[in-house]
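**Q** Here it is: the structure, laid out below.
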Amino acid sequence: MKIAINTIPLLSPLTGVGNYTYQMARLLPIIAPENSYSYFYGYHTNRLFDYKDNSSFYHIKEFIKKIPILGEMTRKAKGIANYFTYNNFDLYFEPNFISINIKAKHIITTVHDFSFKLYPQWHPKDRILYFKRNFSKNIKKVDKIIVDSNFIKQEAINLFGFPEDKLIPIYLGVDKDIFKPYPLEELQDVKIKYALPENFILFVGSIEPRKNIEGLLKAYICLKERIKDDLLKLVLVGFKGWKNNEIMELIKKVKEDIIYLGYLSDAELGKLYNLATAFAYPSIYEGFGLPPLEAMACGCPVITSNIASLPEVCSDSVYYVNPYEIDDIADGIYKIITNEELKKGLVQKGLERAKFFSWEKSAMEHLRVFEEVCNS
């Protein structure tokens, strides 16, 4: 098969979609080298690279984002330029919701969640406008839709009436070469570099509304009043994201107890999970939820939400809380940090649960879908 993959998400520091795109683009040629692969970055190439190789692209993209009309013009220009670039592809794989004008006999698109439909207020206006103009129109052209969970499959049926046989749930994976338990001596470089305390609660994710960081911060304030422990800090990792003015103001109010590290590489992140006392992720909406899985793979006990896809992914290996109840979030964290038996049980269950997920397994399932579509 001649396969084209849209790898534009790799031109920004990798978050969920970017990580997924990179893993699929990296692994598919390894498990099926008989196919040819073309990566699209606004132009086609057989070379796979990402933000680390081309950080200048990221800064250009960030500049364009600040001027919405430029973003819309750039999207159109890329689509038009690509359409007139002749490439006889058997399959075009779009890992990021909306297919573009890559010419191929078949199209497969991955839809990660429906927050753009259910919670448009959580997103920048230009993104919602782009989805309104293009999602429903373009999704009709695809042969199959890959989704991250059965939860998202059911939402696709309920919200858009997609035929069930067109939807293929495939779980994401975890890189066990990075996200794993480390010997204590291998953690000291990260601990020293970021001046991390002995005990801290960790959150990983973009600083944006749906991650419910505001709820986590309020729960942490309640927790501090409850335990009177000046040594227990809250460490936040992730991009500043969008629509987060209230969150950033709340962070400023308790800045002596908050350590905000911004974006970290996976290598440092794996060690940070190992150092954390507990991982708190009271997100309001997820299509899968990679950070809790990464934390479990590192042997870090997890507190997360009892809604959306998270119970499907995490099973009985985490402590569940109601993300809308501040006291419930605070109580969940309190139980983990004060009940050693509960903590050990969750660590063991989390390590076992994480074994079920791998990027290799995910890539193999993608390949089966590709072959099925191209051979039909």
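Residue numbering restarts at 1 in every chain; chains get A, B, ... in the order shown in the structure tokens, and ligands count up from 1 in that same order.
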Env of A:Glu186: 12 Å cut, atoms = only C-alpha atoms, seq-sep filter 2 positions within chain, self excluded. Answer as a ChimeraX atom specification.
**A** /A:180-184,188-192,267-268,270-272,274-275
**Q** Go ahead and dump the residues you just picked, N, CA and C atoms, as a PDB file, in the first residue's frame.
**A**
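Done, and the output landed in result_37.pdb:
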ATOM      1  N   LYS A 180       7.715   4.006  33.006  1.00  0.00           N
ATOM      2  CA  LYS A 180       8.000   2.776  33.746  1.00  0.00           C
ATOM      3  C   LYS A 180       8.564   3.156  35.108  1.00  0.00           C
ATOM      4  N   PRO A 181       8.606   2.243  36.056  1.00  0.00           N
ATOM      5  CA  PRO A 181       9.268   2.535  37.338  1.00  0.00           C
ATOM      6  C   PRO A 181      10.788   2.643  37.135  1.00  0.00           C
ATOM      7  N   TYR A 182      11.380   3.667  37.734  1.00  0.00           N
ATOM      8  CA  TYR A 182      12.817   3.900  37.629  1.00  0.00           C
ATOM      9  C   TYR A 182      13.492   3.673  38.982  1.00  0.00           C
ATOM     10  N   PRO A 183      14.756   3.230  38.974  1.00  0.00           N
ATOM     11  CA  PRO A 183      15.522   3.207  40.227  1.00  0.00           C
ATOM     12  C   PRO A 183      15.643   4.619  40.788  1.00  0.00           C
ATOM     13  N   LEU A 184      15.645   4.733  42.093  1.00  0.00           N
ATOM     14  CA  LEU A 184      15.644   6.040  42.755  1.00  0.00           C
ATOM     15  C   LEU A 184      16.795   6.928  42.296  1.00  0.00           C
ATOM     16  N   GLN A 188      17.122  11.510  40.407  1.00  0.00           N
ATOM     17  CA  GLN A 188      17.662  12.668  41.111  1.00  0.00           C
ATOM     18  C   GLN A 188      17.926  13.855  40.205  1.00  0.00           C
ATOM     19  N   ASP A 189      18.276  13.599  38.941  1.00  0.00           N
ATOM     20  CA  ASP A 189      18.575  14.724  38.048  1.00  0.00           C
ATOM     21  C   ASP A 189      17.350  15.613  37.843  1.00  0.00           C
ATOM     22  N   VAL A 190      16.182  14.997  37.650  1.00  0.00           N
ATOM     23  CA  VAL A 190      14.950  15.759  37.460  1.00  0.00           C
ATOM     24  C   VAL A 190      14.517  16.422  38.761  1.00  0.00           C
ATOM     25  N   LYS A 191      14.670  15.702  39.869  1.00  0.00           N
ATOM     26  CA  LYS A 191      14.290  16.262  41.172  1.00  0.00           C
ATOM     27  C   LYS A 191      15.106  17.515  41.497  1.00  0.00           C
ATOM     28  N   ILE A 192      16.388  17.443  41.228  1.00  0.00           N
ATOM     29  CA  ILE A 192      17.281  18.587  41.501  1.00  0.00           C
ATOM     30  C   ILE A 192      17.036  19.719  40.510  1.00  0.00           C
ATOM     31  N   ALA A 267      10.780  12.098  28.394  1.00  0.00           N
ATOM     32  CA  ALA A 267      11.845  11.516  29.220  1.00  0.00           C
ATOM     33  C   ALA A 267      11.802  12.079  30.637  1.00  0.00           C
ATOM     34  N   GLU A 268      11.634  13.407  30.760  1.00  0.00           N
ATOM     35  CA  GLU A 268      11.540  14.024  32.083  1.00  0.00           C
ATOM     36  C   GLU A 268      10.203  13.709  32.731  1.00  0.00           C
ATOM     37  N   GLY A 270       8.369  10.997  32.462  1.00  0.00           N
ATOM     38  CA  GLY A 270       8.372   9.658  33.037  1.00  0.00           C
ATOM     39  C   GLY A 270       8.974   9.642  34.432  1.00  0.00           C
ATOM     40  N   LYS A 271      10.031  10.396  34.619  1.00  0.00           N
ATOM     41  CA  LYS A 271      10.673  10.461  35.936  1.00  0.00           C
ATOM     42  C   LYS A 271       9.827  11.255  36.936  1.00  0.00           C
ATOM     43  N   LEU A 272       9.130  12.269  36.423  1.00  0.00           N
ATOM     44  CA  LEU A 272       8.275  13.076  37.299  1.00  0.00           C
ATOM     45  C   LEU A 272       7.124  12.241  37.863  1.00  0.00           C
ATOM     46  N   ASN A 274       7.256   9.152  38.484  1.00  0.00           N
ATOM     47  CA  ASN A 274       7.879   8.300  39.495  1.00  0.00           C
ATOM     48  C   ASN A 274       8.087   9.034  40.818  1.00  0.00           C
ATOM     49  N   LEU A 275       8.379  10.312  40.733  1.00  0.00           N
ATOM     50  CA  LEU A 275       8.663  11.100  41.937  1.00  0.00           C
ATOM     51  C   LEU A 275       7.396  11.541  42.674  1.00  0.00           C
TER      52      LEU A 275
END
**Q** Can you tell me, as number ranges by chain, what residues are no more than 9 Å from stretch 218-232 of chain A when counting only C-alpha atoms, ignoring any on the same chain fewer than 2 positions away?
**A** A: 197-201, 213-216, 234, 250, 254, 257, 325-331, 333-334
**Q** Would you mind listing what lies within 8 Å of stretch 104-118 of chain A as a ChimeraX atom specification, with only C-alpha atoms counted and same-chain residues fewer than 3 positions away left out?
**A** /A:17,87-99,122-123,128,131,139,141-148,152,155-156,285-288,370,373-374
**Q** Extract the full set of helix (DSSP H, G or I) residues from stretch 166-318 of chain A according to DSSP on the backbone, and format it as an NGL selection string.
**A** :A and (166 or 184-193 or 209-211 or 213-227 or 245-253 or 266-275 or 290-297 or 310-314)
**Q** With distances taken over only C-alpha atoms, which residue among A:Cys314, A:Leu196, A:Ile100, A:Ile284 lies nearest A:Tyr260?
**A**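 Of A:Cys314, A:Leu196, A:Ile100, A:Ile284, the one nearest A:Tyr260 is A:Leu196, counting only C-alpha atoms.
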